[in-house]
Amino acid sequence: MPGICDGFDDILLNFRLLAAGLPPLAGWLAAALWGLLIGSFATVAMERWPALIEGRLPAGALWYPGSRCPPCGRPLSWLQAMPLIGWLLLRGRCPCGRQSVPARYPLVELGGMAFILIAFLLAPPPLDRVVMTVLVASALYLLAVVDARAGYLPDALTLGLLWAGLLAAGLAPCGLDAIDAGDAIVGAAIGWLVMALVGAIARLRLGREGLARGDWKLVAAIGAWGGVHAVFQLLLLGSVTALLLSPVLARFHMDDDGDAPRGVPLGPGFALAALPILAGAVPSLPILG
């Protein structure tokens, strides 16, 4: 692809050579730190993103203001706001000492680190594939946390993941270790259509929405990164994982009717299953060849 690939393959080669000269411990350390940062952002996202979607917070509130002490509203210092370290320094209490910080915050931060380290462990070489897997895992973790907390899969993450997968596939001819563009497009389309079909059947049988649209977009995004095989692997393994997680996940209403049956968020199960699938750690289903 002359024009588009001009210079990209050289940049990619230099990137791989630079990474090859780094000690293995550097990669693990970078993954752990990045995971803590993603976990720290997840603690903000799980509280603010649902409020943004529902219109209870203005646009931009996801990024500003920074973390504050809940009782007194005083901004946290950079040290107090550091992932996990700040919680340990404050001994699990707000700076003013009037309120304890719920344990879910450090747990979410540790969960982010664990999730990214698992992605780093599972991702096959070369390094660009490892980096892409870690970045996809970052989005998956945020989706899982927000959906588990409030029953939302934000479009900025699902659609961003979808378009990023298509972009990576478009750069495959330039040397990027991604699936072909055709496979990515077909995977995304099949993922969307299968979920739309399941949603239509549920609506006909139940007389209401039975499958949240965010789940459609998430499956389509996984299809863009892994192709058709990944879609059907996700539908099988993700559904089983979501079922296993259902006893510990909060329910949410599928519509504005407060008396309607409550749904189980599929995002956490799909996100957990998608990680090994996209890393190539799950064998292809025999029915798909």
# chains A, B, ... in the order shown; residues from 1 in each chain; ligands from 1
>>> residues_around(residues="Gly267 of chain A", least_positions_apart="3", cutoff="7 Å", atoms="only C-alpha atoms", output="mmCIF file with C-alpha atoms, in the first residue's frame")
data_model
loop_
_atom_site.group_PDB
_atom_site.id
_atom_site.type_symbol
_atom_site.label_atom_id
_atom_site.label_comp_id
_atom_site.auth_asym_id
_atom_site.auth_seq_id
_atom_site.Cartn_x
_atom_site.Cartn_y
_atom_site.Cartn_z
ATOM 1 C CA LEU A 143 -16.107 -1.550 30.036
ATOM 2 C CA ALA A 144 -16.336 -4.397 32.541
ATOM 3 C CA ASP A 147 -21.075 -2.178 33.232
ATOM 4 C CA ASP A 215 -23.661 -5.533 24.001
ATOM 5 C CA PHE A 270 -17.708 -10.714 27.641
ATOM 6 C CA ALA A 271 -14.660 -8.642 28.622
#
>>> residues_around(residues="Tyr152 of chain A", least_positions_apart="5", cutoff="10 Å", atoms="only C-alpha atoms", output="list of chain:residue names")
A:Met46, A:Trp49, A:Pro50, A:Ile53, A:Leu143, A:Ala144, A:Val145, A:Val146, A:Asp147, A:Ala212, A:Arg213, A:Gly214, A:Asp215, A:Phe252, A:Pro265, A:Leu266, A:Gly267
>>> write_last_selection(atoms="N, CA and C atoms", output="compact mmCIF listing (two decimals), in the first residue's frame")
# COMPACT_ATOMS: atom_id res chain seq x y z
N MET A 46 -16.31 4.53 36.74
CA MET A 46 -17.49 3.81 37.21
C MET A 46 -18.45 4.71 37.99
N TRP A 49 -19.08 8.12 34.63
CA TRP A 49 -19.59 7.84 33.29
C TRP A 49 -21.10 7.59 33.29
N PRO A 50 -21.65 6.81 34.23
CA PRO A 50 -23.10 6.66 34.26
C PRO A 50 -23.82 8.00 34.44
N ILE A 53 -23.85 9.77 31.10
CA ILE A 53 -24.81 9.18 30.18
C ILE A 53 -26.23 9.60 30.54
N LEU A 143 -14.74 -1.15 30.37
CA LEU A 143 -16.11 -1.55 30.04
C LEU A 143 -16.68 -2.48 31.10
N ALA A 144 -15.87 -3.44 31.54
CA ALA A 144 -16.34 -4.40 32.54
C ALA A 144 -16.69 -3.71 33.85
N VAL A 145 -15.85 -2.78 34.28
CA VAL A 145 -16.08 -2.10 35.56
C VAL A 145 -17.32 -1.21 35.49
N VAL A 146 -17.44 -0.42 34.44
CA VAL A 146 -18.59 0.49 34.32
C VAL A 146 -19.88 -0.31 34.20
N ASP A 147 -19.86 -1.38 33.41
CA ASP A 147 -21.07 -2.18 33.23
C ASP A 147 -21.45 -2.89 34.52
N ALA A 212 -29.28 -5.31 25.68
CA ALA A 212 -28.87 -3.92 25.59
C ALA A 212 -28.02 -3.69 24.33
N ARG A 213 -28.20 -2.51 23.69
CA ARG A 213 -27.49 -2.23 22.44
C ARG A 213 -25.97 -2.14 22.65
N GLY A 214 -25.53 -1.79 23.84
CA GLY A 214 -24.10 -1.75 24.09
C GLY A 214 -23.45 -3.11 23.90
N ASP A 215 -24.19 -4.19 24.20
CA ASP A 215 -23.66 -5.53 24.00
C ASP A 215 -23.46 -5.82 22.52
N PHE A 252 -29.92 -4.45 36.49
CA PHE A 252 -30.33 -3.14 36.00
C PHE A 252 -31.59 -3.29 35.17
N PRO A 265 -25.83 -7.62 33.57
CA PRO A 265 -24.84 -7.03 32.65
C PRO A 265 -23.95 -8.10 32.04
N LEU A 266 -23.87 -8.10 30.71
CA LEU A 266 -23.04 -9.07 30.01
C LEU A 266 -21.60 -8.58 29.83
N GLY A 267 -21.39 -7.27 29.97
CA GLY A 267 -20.08 -6.69 29.71
C GLY A 267 -18.94 -7.34 30.47
>>> residues_around(residues="Gly238 of chain A", least_positions_apart="2", cutoff="12 Å", atoms="only C-alpha atoms", output="number ranges by chain")
A: 144, 215, 218-219, 222, 230-236, 240-246, 265-277
>>> write_last_selection(atoms="C-alpha atoms", output="CSV table (one decimal), in the first residue's frame")
chain,number,residue,atom,x,y,z
A,144,ALA,CA,-16.3,-4.4,32.5
A,215,ASP,CA,-23.7,-5.5,24.0
A,218,LEU,CA,-19.0,-4.8,22.1
A,219,VAL,CA,-19.4,-8.0,20.2
A,222,ILE,CA,-14.4,-8.0,19.2
A,230,ALA,CA,-13.6,-14.5,17.8
A,231,VAL,CA,-17.3,-13.6,17.6
A,232,PHE,CA,-18.6,-17.1,18.1
A,233,GLN,CA,-15.9,-17.9,20.7
A,234,LEU,CA,-17.1,-14.8,22.6
A,235,LEU,CA,-20.7,-15.7,22.3
A,236,LEU,CA,-20.0,-19.1,23.8
A,240,VAL,CA,-20.9,-18.8,30.2
A,241,THR,CA,-18.7,-16.4,32.0
A,242,ALA,CA,-21.5,-13.8,32.4
A,243,LEU,CA,-23.7,-16.6,33.8
A,244,LEU,CA,-21.1,-17.5,36.4
A,245,LEU,CA,-20.7,-13.9,37.4
A,246,SER,CA,-24.4,-13.1,37.6
A,265,PRO,CA,-24.8,-7.0,32.7
A,266,LEU,CA,-23.0,-9.1,30.0
A,267,GLY,CA,-20.1,-6.7,29.7
A,268,PRO,CA,-17.9,-8.2,32.5
A,269,GLY,CA,-18.4,-11.7,31.2
A,270,PHE,CA,-17.7,-10.7,27.6
A,271,ALA,CA,-14.7,-8.6,28.6
A,272,LEU,CA,-13.1,-11.5,30.7
A,273,ALA,CA,-13.7,-14.0,27.9
A,274,ALA,CA,-12.5,-11.6,25.1
A,275,LEU,CA,-9.0,-11.2,26.6
A,276,PRO,CA,-7.8,-14.8,26.1
A,277,ILE,CA,-9.7,-15.0,22.8
>>> closest_residue(among="A:Val136, A:Ala150, A:Ala202, A:Ala123", to="Val282 of chain A", atoms="only C-alpha atoms")
A:Ala123
>>> closest_residue(among="A:Ala181, A:Ile201, A:Leu127, A:Leu206", to="Phe15 of chain A", atoms="only C-alpha atoms")
A:Leu127
>>> select_by_dssp(residues="segment 129-235 of chain A", states="helix (DSSP H, G or I)", output="PyMOL selection string")
chain A and resi 129-150+155-170+172-174+181-206+213-235
>>> atom_distance(atom1="atom CA of Val186 of chain A", atom2="atom CA of Ser138 of chain A")
24.0 Å
>>> select_by_dssp(residues="segment 10-233 of chain A", states="strand (DSSP E or B)", output="MDAnalysis selection string")
chainID A and resid 68 75 93 100
>>> write_last_selection(atoms="C-alpha atoms", output="CSV table (one decimal), in the first residue's frame")
chain,number,residue,atom,x,y,z
A,68,ARG,CA,-11.5,15.2,45.9
A,75,PRO,CA,-8.7,18.3,46.2
A,93,ARG,CA,-9.5,7.3,55.0
A,100,SER,CA,-13.3,5.8,55.1
>>> residues_around(residues="Leu121 of chain A", least_positions_apart="3", cutoff="9 Å", atoms="only C-alpha atoms", output="compact mmCIF listing (two decimals) with N, CA and C atoms, in the first residue's frame")
# COMPACT_ATOMS: atom_id res chain seq x y z
N TRP A 28 7.36 -6.00 32.06
CA TRP A 28 6.45 -6.33 33.17
C TRP A 28 6.19 -5.11 34.05
N ILE A 116 -4.22 -6.20 33.16
CA ILE A 116 -3.21 -5.82 32.17
C ILE A 116 -2.02 -6.78 32.21
N LEU A 117 -1.62 -7.21 33.39
CA LEU A 117 -0.53 -8.18 33.48
C LEU A 117 -0.90 -9.51 32.81
N ILE A 118 -2.15 -9.92 32.96
CA ILE A 118 -2.60 -11.14 32.28
C ILE A 118 -2.57 -10.94 30.77
N PRO A 124 0.90 -12.76 22.30
CA PRO A 124 2.04 -13.32 21.58
C PRO A 124 2.89 -12.22 20.97
N VAL A 130 1.67 -7.23 21.20
CA VAL A 130 1.56 -7.14 22.66
C VAL A 130 0.95 -5.80 23.06
>>> closest_residue(among="A:Gly170, A:Gly210, A:Gly263, A:Gly175", to="Pro126 of chain A", atoms="only C-alpha atoms")
A:Gly175
